[in-house]
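In what follows, a structure is listed as structure tokens, so that the remarks can point back to it.
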4 protein chains.
Amino acid sequence: MPGKIRTAVTVDLDRPAEEQPYLHNRWHPDVPFCGTIEDGETVKIECVDWTGGQIQNNDSADDVLTVDLSKIHYLSGPFEIKGAEPGDVLCVEIHDVQPFEDHPWGFTGVFHKDNGGGFLDEIYPHAAKAIWDFEGIHCTSRHIPGVKFAGLIHPGILGCAPSPEILAEWNRREAELIQTTTLTRTVANPPLELNVHAGSADAAAAAKVAKEGARTIPGRPEHGGNCDIKNLSRGSKVYLPVHVKGAKFSVGDLHFSQGDGEISFCGAIEMAGIITVNCRVIKGGQAQMGMVNGCSPIYIPGPVQPQFGPGRMIFFEGFSVDEHGKQHYLDATIAYRQSCLRVIEYLKRYGYNDYQIYLLLSCAPVEGHIAGIVDIPNACTTLGLPMDIFDFDIRPEAPVSKMDRGACLISVKK
Amino acid sequence: MPGKIRTAVTVDLDRPAEEQPYLHNRWHPDVPFCGTIEDGETVKIECVDWTGGQIQNNDSADDVLTVDLSKIHYLSGPFEIKGAEPGDVLCVEIHDVQPFEDHPWGFTGVFHKDNGGGFLDEIYPHAAKAIWDFEGIHCTSRHIPGVKFAGLIHPGILGCAPSPEILAEWNRREAELIQTTTLTRTVANPPLELNVHAGSADAAAAAKVAKEGARTIPGRPEHGGNCDIKNLSRGSKVYLPVHVKGAKFSVGDLHFSQGDGEISFCGAIEMAGIITVNCRVIKGGQAQMGMVNGCSPIYIPGPVQPQFGPGRMIFFEGFSVDEHGKQHYLDATIAYRQSCLRVIEYLKRYGYNDYQIYLLLSCAPVEGHIAGIVDIPNACTTLGLPMDIFDFDIRPEAPVSKMDRGACLISVKK
Amino acid sequence: MPGKIRTAVTVDLDRPAEEQPYLHNRWHPDVPFCGTIEDGETVKIECVDWTGGQIQNNDSADDVLTVDLSKIHYLSGPFEIKGAEPGDVLCVEIHDVQPFEDHPWGFTGVFHKDNGGGFLDEIYPHAAKAIWDFEGIHCTSRHIPGVKFAGLIHPGILGCAPSPEILAEWNRREAELIQTTTLTRTVANPPLELNVHAGSADAAAAAKVAKEGARTIPGRPEHGGNCDIKNLSRGSKVYLPVHVKGAKFSVGDLHFSQGDGEISFCGAIEMAGIITVNCRVIKGGQAQMGMVNGCSPIYIPGPVQPQFGPGRMIFFEGFSVDEHGKQHYLDATIAYRQSCLRVIEYLKRYGYNDYQIYLLLSCAPVEGHIAGIVDIPNACTTLGLPMDIFDFDIRPEAPVSKMDRGACLISVKK
Amino acid sequence: MPGKIRTAVTVDLDRPAEEQPYLHNRWHPDVPFCGTIEDGETVKIECVDWTGGQIQNNDSADDVLTVDLSKIHYLSGPFEIKGAEPGDVLCVEIHDVQPFEDHPWGFTGVFHKDNGGGFLDEIYPHAAKAIWDFEGIHCTSRHIPGVKFAGLIHPGILGCAPSPEILAEWNRREAELIQTTTLTRTVANPPLELNVHAGSADAAAAAKVAKEGARTIPGRPEHGGNCDIKNLSRGSKVYLPVHVKGAKFSVGDLHFSQGDGEISFCGAIEMAGIITVNCRVIKGGQAQMGMVNGCSPIYIPGPVQPQFGPGRMIFFEGFSVDEHGKQHYLDATIAYRQSCLRVIEYLKRYGYNDYQIYLLLSCAPVEGHIAGIVDIPNACTTLGLPMDIFDFDIRPEAPVSKMDRGACLISVKK
């Protein structure tokens, strides 16, 4: 007879994340198992927030400005999934995600251009922050008044450990990008020994993880990882390729809500909390599901994601002509940035400042679509903004009144 | 008392498009008005298909292989919208789009790599075609059996004429791209005198249009144009910036259905048909709606787009590591290509060939999302495939049986 | 190769319905076939409006006041479905329903209490009418300004002919009700020879049909008939039990839109038009689908019904205490009447008169739910009103301004 | 700065409900306040299950057979809402409903015909039970295998206390029904002194409550109460009329899920748990919202109710001809019973027994619609069954295999 669901990992929010052995912050096959989940079992897994508690519920963005990005993404795991072997698929059904009852809040941040940055950092270089308060399914922010919405709650990171071969390939190709890029900004992060947390690894293993372990920022095709898919919410099923014996499944970076793109980088409503998952092994699943050429995960959304009705979304078109008037070739990234900038112009008319909107676009359940990707030279994207998250009427036809919408927290580098 | 809706333009499908004076195939402010629509009026506008009838309902893809891309996008218009002036917004409400009753079919094509190409042309260089038969809201194809879906019917192209200044800017920036690109493929099409159709322009005006007129392939931020947004369907309202007196509104390139991205370029289910629109001028609308920095259109979807339920879509993740294992920097275009390739692998297991799936992905109502755009170096996209368009069970858990799924039409260049 | 869809019946709107031999207005197994549809064939079927043209597009409700209810429901059919036999199920897929292009209008009526009546006739005894104009998927009425919505277009009537045994049972049980009722109003209509239309029947058969033929007003469990299900719209599939050889399938009473309950009786937006259906015989389908104890049809809705979003519907509770304060026992009919009356009070505040709202509730896509049916003595129903059909804000929190909302047409009996 | 949400009432599941002074089981204006909620405050309120713990998580239905129905509906409250007065409206926004973490289960019961009964008790007279286990948003039952669904979690009961005048009217009209009914079954429950729980009332007040207090089974138009509306789920806003100073708001009878009609009476998945609500007073709201003639509540659903997609529901038609072939006059209650019986026939083919389906129909999120209510003599209802709650294919076209589906618990009266 089923009873209370087992909690597979308990975290301590009052203790430094780096001291908790069931957490880790690198992808590496040698991070030891922190526990075992039976094939078919449902468990609860507690998670710290992605900064490991660096950001406070206060009214200053200084903590965002000075965040230490070598100390992030402390994932819960890795778990041994009984019976899982390379070639299998781990089907993870997300039964629920919840904040801790006594931590009913989260944060959205804009990192400084020189310390993390974000999708619009060339235009908005400063650090900014908004705190969100949770009331059941809803959230509001004293830093972005006039807005309330139901969270599309989900884990930002979910995946199984890479095999040594896959890890080597990650390191190879990202190093190549770093070496060959002509951009003057950070384009990828190589392995970094500083502040590595290899879980309960002994010294030798920890040194190996420190030297080779893949950073957690990017999602990667072979396992998913930090895919930041907002619709991986309650009720979703995700099919993860298994690359090592026992799967070494890890999860973390819980989000109360996020918009498509998570544009400010620290853009979701980040929180500590609890995820309830069922883990089931599909033997030989990779071949069965046609997972070749990189094996990327697939998923099926759950039934309870917030519904607005098609007529309650305003979509903003964007094309691959950048804000300086330069034409790019079928560049959906540029096009989506234009869609974002259009929304900022649209919402500024109501009295919000740019950073408030930048934060809001990052965390509210906005829809980012690739509309046309073949009409050379312009890619076209659309960004859908739900009208009903505002407590005033934002329809294009409605009269606009510029009001005092307060301010989010901004910290300028000295 | 309202009566039968006026038809503002009637086309003749049996006569060459270039002989019909209410059609045109360039964007230029000097293409003369082909008629007038009152502010607030609802009209029907007939449209030829985007190739002007070059593609036949037969069982060969030779017509796709040899399509003349200088003879495309014959738009209906431009219409004078009474009272519209630069700075205004033209609100177009799409009351309906329908195929002609005696032409209940359309086509989806893959162009040859050297004659148009498409999103996956480096992998699939040949020309291909599928014919779709319409039965009310549904369509099926004898070339892709086992599939039926409700069309998300819409116009691919919709927009007002550019001002001379905007046109000059288009020509400047696209020429710059052509001159500076390091790619070895066609990245944009400059003005071309061959086969220009300037509507009812006199010789002098026609010569000017031929010399300066912007090609119709790309959508452009200042007016929308060939935005190929699949959700601009029945019941949608689109807000188009007006740049010349009388607006010079044109429409065409009707699609019975399309997937996000329209990946095979001739990827929608292309058709001739009739669009019913209401045109309303919003005076000073651009300033009122915050349409600065490029003025791109915004739109609100209609209430009747096909609904599948969230649990009936399979999403395929894609990351900006290309099919050769090369790492790209936050490139959503590359990532979306990977999502597409994943679906092809997935569906091949059932017996379809690659070109059938390439065509299907282009025209079925698949959802393309930008999931994460900030986790350097990987952009993450997702492509959602509705399960219920198939007459067999494609859930990941369902057993796979490879069957004879026939073939689409393929023409190999000699 | 498929081509243009065959039209199985063409009607003439300028000729009396009773003179057109492919129409009929009684359910009887002896009405002769008017044509044949192959198993698996898709056809278009033209239909007159349910009053056979008695109601005009004008500004008087006199025609509604004096409507002759013995001359209604001229159905198109019956069709022979090749291969269908008793015990089979006829699967009808509704590919489309459209008004005639040159009749882009319909009507909603309230019948006089003594000539048809309706759900609220004890409170609203007079005749009333509103004319609706169609623009593609949308409709508006000059008699109920401030309202626009997408039609949930469907056939009111759809069914196969009864067997002689089933017909006899209908006549028996309805006669029993007429004989035993204690109500002082018409509770059912027995066979009536006046104005019977037996299609192309010869004199003998016509006399038999006249004497025994079941009236078309009620839907009936054994075949569906006038079920008036608003969601049987484009893309739906309905599974109809077959009771006679060849099925004798008939269809008619097309509605541009209807609310749950069709409360004013002539409550849908009634129209003449064309339905496109695919007919497929499922051999032995009744046993296979568990269709025992009355065999009632089942159906699956289509994907394109109008979507408003859950947060855009206001639901009004109703309980089985009538408007005189009398308590009834678990009576969902009474409860639903109370839900209707609540909406009338709610909407009157904006300036509409009672008859306008009564008409609107009958034809707009309102949702009528059975909420609780066991909490003795009160049944609870809810009626959901979509907010977005109004061009003003009807949310409970929004300020109310009573405006001039014009008037519908009302005719008082002299 | 907001913090942890205050819990306004804490219940003790290990102590008899009748001993807990912040609970009560009658509607009466003299039940004393159990606490205060500020206007605009958000609180958590704990609730016992509706039987006050009489039903166990075991494998016998004996507790359902012998349930004491005088000891039910122990509501949490009544709360004083600061500032609320008669004529106001209390807007309650439901931020969340959750089971207790250490009680992750609920039950659905069929009461014996002579002890409570239910909608189908003439056909299914015995007591039955199924236990449901909760895993996050999902539930499953060992007694109804093959089924899993997301709960449409909600409170069954929610309302403000009646004024003395309203209470007198309730007692008058229900007594009249009891006295005048010709039915041979219990049609309503008059005040009952046995097992009354008047909260913290002193002896005199308790005696008054015992004598006059309205039973909690029926919802009532003047305040809502036990409306059992399944869609009053997370994110909903309900507008409750206030009849006494301070509102005296009570809540209870939490349901993990319920189908429209809650047909087996103990038909929802009943549970103990916690509801999070925001309470806001709208001064003069009853007049402002047109709440006359009984003042029934209105509500707006939340955005996260489970979505299946229209094409994934099978609807079963029902008409007001009862299972004995008797014709009733526009009786939606009879019609809905027929819809229910049709589903039972349909699902029995897969191996379920009648009681399993009766239980399932009561608690799964089935949709009950009033389709036609005017086509004399037949009312038509439809009952929509979501296909995706089954782990096998129940589409009408799919092959049927009768399997061993286990059994629910049944207790036969000795």
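Identifiers in this document derive from the order of the structure tokens: chains are assigned A, B, ..., residues are numbered from 1 separately in each chain, and ligands are numbered from 1 in order of occurrence.
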Every residue of stretch 21-233 of chain A that DSSP places in strand (DSSP E), as a ChimeraX atom specification: /A:23-24,35-37,42-47,75-81,89-99,105-110,127-135,138-141,149-150,154-160,219-220,224-225
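Around B:Ser257, within 7 Å and counting only C-alpha atoms, the residues found are Gly151, Leu152, Ile153, Ala268, Ile269, Cys363, Ala364 and Pro365 of chain B, once anything fewer than 4 positions away on its own chain is removed.
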Give me the residues of stretch 320-402 of chain B that have any atom at most 12 Å from an atom of stretch 387-404 of chain D; for each, the nearest atom pair and the distance in Å, rounded to one decimal. Use only C-alpha atoms, sort by chain and number, and format it as a tab-separated table.
```
residue	atom	partner	partner_atom	distance
B:Asp391	CA	D:Glu397	CA	11.0
B:Phe392	CA	D:Ala398	CA	10.7
B:Asp393	CA	D:Asp393	CA	9.8
B:Arg395	CA	D:Asp391	CA	11.9
B:Glu397	CA	D:Asp391	CA	11.0
B:Ala398	CA	D:Phe392	CA	10.7
```
Pull N, CA and C atoms from the residues just selected and write them as a short mmCIF file (atom, residue, chain, number, x, y, z; two decimals), in the first residue's frame.
```
data_model
loop_
_atom_site.label_atom_id
_atom_site.label_comp_id
_atom_site.auth_asym_id
_atom_site.auth_seq_id
_atom_site.Cartn_x
_atom_site.Cartn_y
_atom_site.Cartn_z
N ASP B 391 -2.36 8.74 -37.86
CA ASP B 391 -3.40 7.74 -37.58
C ASP B 391 -2.82 6.49 -36.92
N PHE B 392 -1.59 6.60 -36.44
CA PHE B 392 -1.01 5.54 -35.61
C PHE B 392 -0.40 6.21 -34.38
N ASP B 393 0.00 5.39 -33.42
CA ASP B 393 0.41 5.91 -32.12
C ASP B 393 1.90 6.21 -32.12
N ARG B 395 3.50 7.90 -29.60
CA ARG B 395 4.05 8.18 -28.27
C ARG B 395 5.37 7.43 -28.09
N GLU B 397 6.45 5.69 -25.78
CA GLU B 397 6.30 4.36 -25.17
C GLU B 397 5.68 3.34 -26.12
N ALA B 398 5.03 3.82 -27.17
CA ALA B 398 4.27 2.89 -28.02
C ALA B 398 5.22 2.07 -28.88
#
```
Spatial neighbours of C:Asp62, max dist 8 Å, only C-alpha atoms, sep filter under 3 positions, as a count of residues only: 4
Long-range neighbours of stretch 281-283 of chain D as JSON, numbers by chain, 9 Å cut-off, only C-alpha atoms, 2 positions minimum in chain: {"C": [397], "D": [39, 40, 81, 82, 83, 84, 85, 87, 88, 89, 90, 91, 92, 279, 285, 286, 288]}
Residue set, stretch 333-380 of chain C restricted to alpha helix (DSSP H), as a ChimeraX atom specification: /C:333-348,354-363
Contacts of stretch 166-183 of chain D within 12 Å, only C-alpha atoms, excl. fewer than 3 positions in-chain, as a PyMOL selection string: (chain C and resi 320-322+324-330+376-378) or (chain D and resi 26-30+86+160-163+186-192+209+211-216+218-223+242-244+294-295)
Sorted by chain and rising residue number, which residues of chain B lie within 9 Å of chain C, and what are their closest atom pairs and distances in Å to one decimal, counting only C-alpha atoms, as a Markdown table?
```
| residue | atom | partner | partner_atom | distance |
| --- | --- | --- | --- | --- |
| B:Met1 | CA | C:Arg142 | CA | 8.4 |
| B:Pro2 | CA | C:Asp133 | CA | 6.9 |
| B:Gly3 | CA | C:Pro104 | CA | 7.0 |
| B:Lys4 | CA | C:Asp102 | CA | 5.7 |
| B:Ile5 | CA | C:Glu135 | CA | 7.7 |
| B:Thr42 | CA | C:Glu135 | CA | 7.7 |
| B:Asn58 | CA | C:Met1 | CA | 8.8 |
| B:Ile94 | CA | C:Gly136 | CA | 8.2 |
| B:His95 | CA | C:Gly136 | CA | 4.5 |
| B:Asp96 | CA | C:Gly136 | CA | 4.6 |
| B:Val97 | CA | C:Gly136 | CA | 8.0 |
| B:Glu101 | CA | C:Lys4 | CA | 7.4 |
| B:Asp102 | CA | C:Lys4 | CA | 5.7 |
| B:His103 | CA | C:Lys4 | CA | 7.0 |
| B:Pro104 | CA | C:Lys4 | CA | 6.2 |
| B:Trp105 | CA | C:Gly3 | CA | 8.0 |
| B:Asp133 | CA | C:Pro2 | CA | 7.0 |
| B:Glu135 | CA | C:His95 | CA | 6.0 |
| B:Gly136 | CA | C:His95 | CA | 4.5 |
| B:Ile137 | CA | C:His95 | CA | 5.7 |
| B:His138 | CA | C:His95 | CA | 6.5 |
| B:Arg142 | CA | C:Met1 | CA | 8.5 |
| B:Ala150 | CA | C:Pro303 | CA | 7.4 |
| B:Arg234 | CA | C:Ile137 | CA | 7.0 |
| B:Gly235 | CA | C:Ile137 | CA | 6.9 |
| B:Thr276 | CA | C:Gly136 | CA | 6.6 |
| B:Val277 | CA | C:Gly136 | CA | 8.5 |
| B:Asn278 | CA | C:Glu135 | CA | 8.8 |
| B:Gly302 | CA | C:Pro306 | CA | 8.4 |
| B:Pro303 | CA | C:Pro306 | CA | 4.8 |
| B:Val304 | CA | C:Pro306 | CA | 4.7 |
| B:Gln305 | CA | C:Val304 | CA | 5.5 |
| B:Pro306 | CA | C:Val304 | CA | 4.7 |
| B:Gln307 | CA | C:Pro303 | CA | 5.0 |
| B:Phe308 | CA | C:Pro303 | CA | 6.7 |
```
Atom-to-atom span, atom CA of D:Lys230 and atom CA of D:Ile131, Å: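 Atom CA of D:Lys230 sits 19.1 Å away from atom CA of D:Ile131.
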Near-A:Asp49 list (12 Å; only C-alpha atoms; drop same-chain fewer than 6 positions) as an NGL selection string: :A and (11-13 or 16-17 or 23 or 55-56 or 71-76 or 99-100 or 103 or 105-108 or 155-157 or 251-256 or 266 or 268-274)
Nearest-residue call for D:Ile217, choices D:His369, D:Gly318, D:Thr7, D:Asn25, using only C-alpha atoms: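 Smallest distance to D:Ile217 is found for D:Asn25.
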